[in-house]
file upload_7.tsv (TSV, C-alpha atoms)
chain	number	residue	atom	x	y	z
A	236	MET	CA	22.44	-16.06	9.72
A	237	ASP	CA	21.63	-15.03	13.29
A	238	THR	CA	18.24	-13.30	13.25
A	239	THR	CA	18.02	-12.52	16.97
A	240	TYR	CA	18.73	-8.82	16.47
A	241	ILE	CA	15.89	-8.52	13.96
A	242	VAL	CA	13.41	-10.31	16.23
A	243	ASN	CA	14.35	-8.17	19.23
A	244	PHE	CA	13.98	-4.96	17.23
A	245	TYR	CA	10.56	-5.72	15.75
A	246	ASN	CA	9.24	-7.05	19.07
A	247	ASN	CA	9.49	-3.44	20.27
A	248	TYR	CA	8.81	-1.45	17.10
A	249	ASP	CA	5.51	-0.22	15.70
A	250	GLU	CA	5.96	-0.47	11.91
A	251	ASP	CA	2.25	0.09	11.28
A	252	ASN	CA	2.41	3.45	13.06
A	253	ARG	CA	5.51	4.51	11.11
A	254	LEU	CA	3.72	4.07	7.80
A	255	ALA	CA	0.49	5.61	9.12
A	256	LEU	CA	2.04	8.94	10.17
A	257	ARG	CA	1.57	11.52	7.44
A	258	HIS	CA	5.26	11.74	6.56
A	259	GLY	CA	5.52	7.94	6.70
A	260	SER	CA	2.47	7.54	4.49
A	261	VAL	CA	4.43	9.06	1.58
A	262	GLU	CA	6.49	5.86	1.31
A	263	PHE	CA	3.40	3.65	1.62
A	264	LEU	CA	1.29	5.63	-0.86
A	265	THR	CA	4.14	5.80	-3.37
A	266	THR	CA	4.83	2.07	-3.19
A	267	MET	CA	1.12	1.23	-3.48
A	268	ARG	CA	0.82	3.57	-6.47
A	269	TYR	CA	3.45	1.53	-8.32
A	270	ILE	CA	2.08	-1.83	-7.21
A	271	GLU	CA	-1.36	-0.87	-8.50
A	272	LYS	CA	0.23	0.07	-11.83
A	273	TYR	CA	1.02	-3.62	-12.42
A	274	LEU	CA	-1.99	-5.31	-10.84
A	275	LYS	CA	-4.33	-7.17	-13.16
A	276	PRO	CA	-7.60	-8.99	-12.44
A	277	ASN	CA	-6.80	-12.21	-10.55
A	278	SER	CA	-3.18	-11.23	-9.92
A	279	LYS	CA	-1.64	-13.54	-7.33
A	280	ILE	CA	0.67	-11.80	-4.87
A	281	ILE	CA	3.33	-12.86	-2.40
A	282	GLU	CA	4.82	-10.54	0.20
A	283	ILE	CA	8.13	-11.71	1.64
A	284	GLY	CA	8.93	-10.07	4.95
A	285	ALA	CA	5.37	-8.83	5.36
A	286	GLY	CA	5.83	-7.36	8.83
A	287	THR	CA	2.42	-6.72	10.37
A	288	GLY	CA	0.81	-6.77	6.93
A	289	ARG	CA	0.23	-3.16	5.94
A	290	TYR	CA	0.71	-3.92	2.24
A	291	SER	CA	-0.64	-7.48	2.32
A	292	HIS	CA	-3.90	-6.43	3.97
A	293	ALA	CA	-4.34	-3.40	1.72
A	294	LEU	CA	-4.08	-5.64	-1.35
A	295	ALA	CA	-6.22	-8.46	0.09
A	296	ARG	CA	-8.94	-5.93	0.88
A	297	GLN	CA	-8.97	-5.00	-2.81
A	298	GLY	CA	-9.86	-8.63	-3.52
A	299	TYR	CA	-6.45	-10.02	-4.45
A	300	GLU	CA	-5.15	-13.38	-3.27
A	301	VAL	CA	-2.08	-12.77	-1.09
A	302	ASP	CA	0.40	-15.20	0.48
A	303	SER	CA	2.61	-13.63	3.12
A	304	VAL	CA	5.86	-14.70	4.76
A	305	GLU	CA	7.26	-13.13	7.93
A	306	LEU	CA	10.21	-14.00	10.15
A	307	VAL	CA	9.13	-12.39	13.44
A	308	GLU	CA	6.45	-14.18	15.46
A	309	HIS	CA	5.28	-10.94	17.11
A	310	ASN	CA	4.60	-9.42	13.70
A	311	ILE	CA	2.69	-12.54	12.66
A	312	GLU	CA	0.45	-12.23	15.73
A	313	VAL	CA	-0.37	-8.61	14.85
A	314	PHE	CA	-0.86	-9.61	11.21
A	315	LYS	CA	-3.45	-12.23	12.20
A	316	LYS	CA	-5.29	-9.79	14.47
A	317	ASN	CA	-5.55	-7.33	11.56
A	318	THR	CA	-6.96	-9.92	9.15
A	319	LEU	CA	-10.59	-9.45	8.14
A	320	PRO	CA	-12.86	-12.46	7.52
A	321	ASN	CA	-13.23	-11.84	3.77
A	322	GLU	CA	-9.50	-11.51	3.01
A	323	LEU	CA	-8.00	-14.16	0.71
A	324	ILE	CA	-4.73	-14.14	2.62
A	325	THR	CA	-2.30	-16.54	4.26
A	326	ILE	CA	0.60	-15.89	6.64
A	327	ARG	CA	3.40	-18.25	7.57
A	328	GLN	CA	6.71	-17.92	9.34
A	329	GLY	CA	9.71	-18.05	7.08
A	330	ASN	CA	13.01	-16.57	5.95
A	331	ALA	CA	13.41	-14.56	2.76
A	332	MET	CA	16.52	-16.56	1.84
A	333	ASP	CA	14.66	-19.88	1.87
A	334	LEU	CA	11.24	-20.01	0.22
A	335	SER	CA	11.43	-23.74	-0.47
A	336	GLU	CA	7.80	-24.13	0.64
A	337	PHE	CA	6.82	-22.24	-2.49
A	338	GLY	CA	7.09	-23.57	-6.02
A	339	ASP	CA	8.67	-21.88	-9.01
A	340	ASN	CA	6.78	-19.37	-11.17
A	341	GLN	CA	3.75	-18.96	-8.88
A	342	TYR	CA	3.16	-15.22	-8.47
A	343	ASP	CA	2.33	-12.25	-10.68
A	344	ILE	CA	3.53	-9.70	-8.10
A	345	THR	CA	6.29	-10.32	-5.55
A	346	LEU	CA	6.97	-7.85	-2.75
A	347	LEU	CA	10.33	-7.83	-0.98
A	348	LEU	CA	9.82	-4.63	0.96
A	349	GLY	CA	11.78	-5.28	4.16
A	350	PRO	CA	14.24	-8.20	4.18
A	351	LEU	CA	16.98	-6.40	2.26
A	352	TYR	CA	17.08	-3.79	5.02
A	353	HIS	CA	18.61	-6.42	7.30
A	354	LEU	CA	20.93	-8.46	5.08
A	355	TYR	CA	24.57	-7.41	5.16
A	356	ASP	CA	26.40	-9.82	2.87
A	357	LYS	CA	26.11	-9.60	-0.90
A	358	GLU	CA	25.59	-13.37	-1.03
A	359	ASP	CA	22.66	-13.19	1.41
A	360	LYS	CA	21.03	-10.31	-0.47
A	361	GLN	CA	21.36	-12.13	-3.78
A	362	LYS	CA	19.92	-15.29	-2.22
A	363	ALA	CA	16.83	-13.36	-1.09
A	364	LEU	CA	16.52	-11.71	-4.50
A	365	SER	CA	17.02	-15.06	-6.24
A	366	GLU	CA	14.26	-16.67	-4.19
A	367	ALA	CA	11.90	-13.75	-4.90
A	368	ILE	CA	12.60	-14.05	-8.61
A	369	ARG	CA	12.24	-17.84	-8.57
A	370	VAL	CA	8.70	-17.81	-7.17
A	371	THR	CA	7.62	-15.09	-9.62
A	372	LYS	CA	6.08	-16.00	-12.95
A	373	PRO	CA	8.00	-15.10	-16.12
A	374	GLY	CA	6.84	-11.59	-16.95
A	375	GLY	CA	5.87	-11.02	-13.32
A	376	VAL	CA	6.99	-7.95	-11.38
A	377	ILE	CA	9.18	-7.84	-8.25
A	378	PHE	CA	9.41	-4.89	-5.85
A	379	ALA	CA	12.62	-4.79	-3.76
A	380	ALA	CA	13.03	-2.04	-1.14
A	381	TYR	CA	16.24	-0.63	0.31
A	382	VAL	CA	17.38	1.90	2.91
A	383	LEU	CA	19.60	4.53	1.30
A	384	SER	CA	22.74	5.79	2.99
A	385	ASP	CA	22.81	9.41	1.82
A	386	GLY	CA	19.21	10.13	2.74
A	387	CYS	CA	19.77	8.66	6.19
A	388	LEU	CA	23.02	10.56	6.71
A	389	LEU	CA	21.37	13.83	5.72
A	390	ASP	CA	18.33	13.29	7.95
A	391	GLU	CA	19.47	11.19	10.91
A	392	GLY	CA	23.06	12.46	10.84
A	393	PHE	CA	23.50	16.07	9.85
A	394	HIS	CA	19.87	17.17	10.39
A	395	ARG	CA	18.79	15.41	13.60
A	396	GLY	CA	22.06	14.27	15.15
A	397	ASN	CA	20.76	10.76	15.81
A	398	ILE	CA	23.83	9.48	13.96
A	399	ASN	CA	27.11	10.97	15.16
A	400	VAL	CA	28.85	11.22	11.79
A	401	LYS	CA	32.25	12.06	13.33
A	402	ASP	CA	32.14	8.96	15.56
A	403	TYR	CA	31.04	6.77	12.64
A	404	ILE	CA	34.00	8.05	10.60
A	405	ARG	CA	36.34	7.41	13.52
A	406	ASP	CA	35.00	3.86	13.91
A	407	GLY	CA	35.36	3.11	10.21
A	408	LEU	CA	31.61	2.83	9.53
A	409	ILE	CA	31.61	5.89	7.27
A	410	ASP	CA	34.39	6.70	4.82
A	411	GLY	CA	35.46	10.25	5.58
A	412	LYS	CA	36.17	11.02	1.91
A	413	THR	CA	33.39	9.30	-0.05
A	414	PHE	CA	30.85	9.00	2.82
A	415	THR	CA	30.05	5.43	1.81
A	416	THR	CA	28.83	3.40	4.77
A	417	LYS	CA	29.50	0.03	6.32
A	418	SER	CA	26.73	-1.64	8.32
A	419	GLN	CA	26.71	-4.54	10.75
A	420	PRO	CA	23.82	-6.54	12.29
A	421	LYS	CA	24.06	-4.47	15.48
A	422	ASP	CA	23.27	-1.39	13.38
A	423	LEU	CA	19.95	-3.07	12.37
A	424	PHE	CA	19.77	-1.48	8.92
A	425	GLU	CA	22.01	-1.97	5.90
A	426	LEU	CA	22.54	1.36	4.13
A	427	VAL	CA	23.23	1.29	0.40
A	428	ARG	CA	23.55	3.49	-2.66
A	429	LYS	CA	22.05	2.92	-6.08
A	430	GLU	CA	25.37	1.66	-7.44
A	431	ASP	CA	25.29	-1.11	-4.81
A	432	ILE	CA	21.80	-2.10	-5.97
A	433	ASP	CA	22.90	-2.05	-9.60
A	434	ASP	CA	25.78	-4.37	-8.71
A	435	LEU	CA	23.44	-6.80	-6.91
A	436	MET	CA	21.01	-6.90	-9.80
A	437	SER	CA	23.66	-7.46	-12.48
A	438	ALA	CA	23.58	-11.18	-11.61
A	439	PHE	CA	19.94	-11.67	-12.63
A	440	SER	CA	17.99	-12.01	-15.85
A	441	VAL	CA	15.52	-9.21	-15.18
A	442	THR	CA	14.51	-5.90	-16.70
A	443	ARG	CA	14.29	-2.80	-14.52
A	444	LEU	CA	10.97	-1.00	-14.90
A	445	HIS	CA	11.38	1.74	-12.31
A	446	TYR	CA	13.78	2.86	-9.59
A	447	VAL	CA	11.79	5.03	-7.20
A	448	ALA	CA	12.69	7.35	-4.32
A	449	THR	CA	9.72	6.20	-2.28
A	450	ASP	CA	9.80	8.83	0.44
A	451	GLY	CA	11.91	11.48	-1.29
A	452	CYS	CA	12.49	14.31	1.18
A	453	ALA	CA	9.58	13.29	3.42
A	454	LEU	CA	11.67	12.13	6.39
A	455	PHE	CA	14.03	15.09	6.18
A	456	MET	CA	11.07	17.50	6.28
A	457	ARG	CA	8.72	15.36	8.38
A	458	GLU	CA	7.66	18.15	10.73
A	459	ALA	CA	6.61	20.36	7.82
A	460	ILE	CA	4.71	17.53	6.15
A	461	ASP	CA	2.92	16.52	9.35
A	462	ALA	CA	1.82	20.15	9.80
A	463	MET	CA	0.33	20.48	6.30
A	464	ASP	CA	-3.40	20.80	5.87
A	465	ASP	CA	-5.05	18.19	3.65
A	466	GLU	CA	-5.03	20.32	0.52
A	467	THR	CA	-1.34	21.17	0.83
A	468	PHE	CA	-0.43	17.56	1.57
A	469	GLN	CA	-2.27	16.37	-1.54
A	470	LEU	CA	-0.37	18.98	-3.57
A	471	TYR	CA	2.90	17.79	-2.00
A	472	LEU	CA	2.05	14.19	-2.93
A	473	LYS	CA	1.36	15.28	-6.51
A	474	TYR	CA	4.77	16.96	-6.59
A	475	HIS	CA	6.47	13.93	-5.06
A	476	PHE	CA	4.86	11.51	-7.50
A	477	SER	CA	6.03	13.67	-10.41
A	478	THR	CA	9.65	13.75	-9.19
A	479	CYS	CA	10.27	10.40	-7.44
A	480	GLU	CA	11.99	8.85	-10.48
A	481	ARG	CA	14.09	11.88	-11.38
A	482	GLU	CA	17.76	10.95	-11.21
A	483	ASP	CA	18.71	14.16	-9.42
A	484	PHE	CA	16.29	13.29	-6.57
A	485	LEU	CA	17.13	9.64	-6.02
A	486	GLY	CA	20.00	9.97	-3.55
A	487	VAL	CA	18.25	12.19	-1.02
A	488	SER	CA	15.49	9.67	-0.30
A	489	SER	CA	15.78	7.50	2.80
A	490	HIS	CA	14.05	4.57	1.07
A	491	ALA	CA	13.95	3.35	-2.52
A	492	VAL	CA	12.15	0.55	-4.31
A	493	ASP	CA	13.67	-1.21	-7.29
A	494	ILE	CA	10.90	-2.51	-9.56
A	495	PHE	CA	11.87	-5.10	-12.13
A	496	GLN	CA	10.31	-7.74	-14.38
A	497	LYS	CA	11.35	-11.37	-14.53
A	498	ASN	CA	12.38	-11.98	-18.09
A	499	PRO	CA	10.36	-14.55	-20.03
A	500	VAL	CA	12.17	-17.84	-20.54

call {"tool": "encode", "arguments": {"input": "upload_7.tsv", "output": "structure tokens"}}
result
Amino acid sequence: MDTTYIVNFYNNYDEDNRLALRHGSVEFLTTMRYIEKYLKPNSKIIEIGAGTGRYSHALARQGYEVDSVELVEHNIEVFKKNTLPNELITIRQGNAMDLSEFGDNQYDITLLLGPLYHLYDKEDKQKALSEAIRVTKPGGVIFAAYVLSDGCLLDEGFHRGNINVKDYIRDGLIDGKTFTTKSQPKDLFELVRKEDIDDLMSAFSVTRLHYVATDGCALFMREAIDAMDDETFQLYLKYHFSTCEREDFLGVSSHAVDIFQKNPV
């Protein structure tokens, strides 16, 4: 797989800042809330596609041992600069579809929070998922994140006009009847629906624990969220946390995380 397009994108993109903005923090805080639900003393963690390390560093600073893998050298450089002396953390360059440097059944928590955004073939996605599952201990928990098509169409298409829906329909990238999407590497992000995720996961011996709309409506209403005072934002977060697994909310999110357990042998 040619990864040039991914490298070029992240060489010029500030992922840390995206998650730090108030509306972006909804995704981060939601994902961390679920990770912390499954952490135990001495949990060993791997993050595959760690980016600049927002999640890896947050967990290492809580005292957990974290191994991180990242494809883009620029991100690795930022990751290293952000590492504090007392963090039990490693970072190495690698591809989510080949974790052969890591043995089987090593980790209690496995994070796959970015690579599936950029894999376009079912075979490639299932290879990345298979590798994540392989390195996880039986009974361990895997977090796999996706970009959702309907949330993006609502926000970036109909709301903001950053996606010209009519042109995408004309070019065959959006079905004009079902509004399902087709993505290519030049589009940078693979957009999926929950039924696509269900189809991917049907190949694996795992048990789904949660399927979470990690940012809910936060991107669609980003200006309103960024303008909230602290008290209102905390109330909004409480609302979001109480609704982010409701089936009638799942499709409007721009991001989702599928949380599943590797079945014991």

call {"tool": "closest_residue", "arguments": {"input": "upload_7.tsv", "among": "A:Thr442, A:Ser477, A:Thr467, A:Thr415", "to": "Pro499 (chain A)", "atoms": "only C-alpha atoms"}}
result
A:Thr442

call {"tool": "closest_residue", "arguments": {"input": "upload_7.tsv", "among": "A:Phe476, A:Phe495, A:Phe484, A:Tyr381", "to": "Lys360 (chain A)", "atoms": "only C-alpha atoms"}}
result
A:Tyr381

call {"tool": "axis_aligned_box", "arguments": {"input": "upload_7.tsv", "around": "region 306-312 of chain A", "padding_each_side": "3 Å", "output": "AutoDock Vina command-line options"}}
result
--center_x 5.3 --center_y -11.8 --center_z 13.6 --size_x 15.8 --size_y 10.8 --size_z 13.0

call {"tool": "closest_residue", "arguments": {"input": "upload_7.tsv", "among": "A:Gly288, A:Gly486, A:Gly375, A:Gly298", "to": "Ile326 (chain A)", "atoms": "only C-alpha atoms"}}
result
A:Gly288

call {"tool": "atom_distance", "arguments": {"input": "upload_7.tsv", "atom1": "CA of Ile432 (chain A)", "atom2": "CA of Arg395 (chain A)"}}
result
26.4 Å
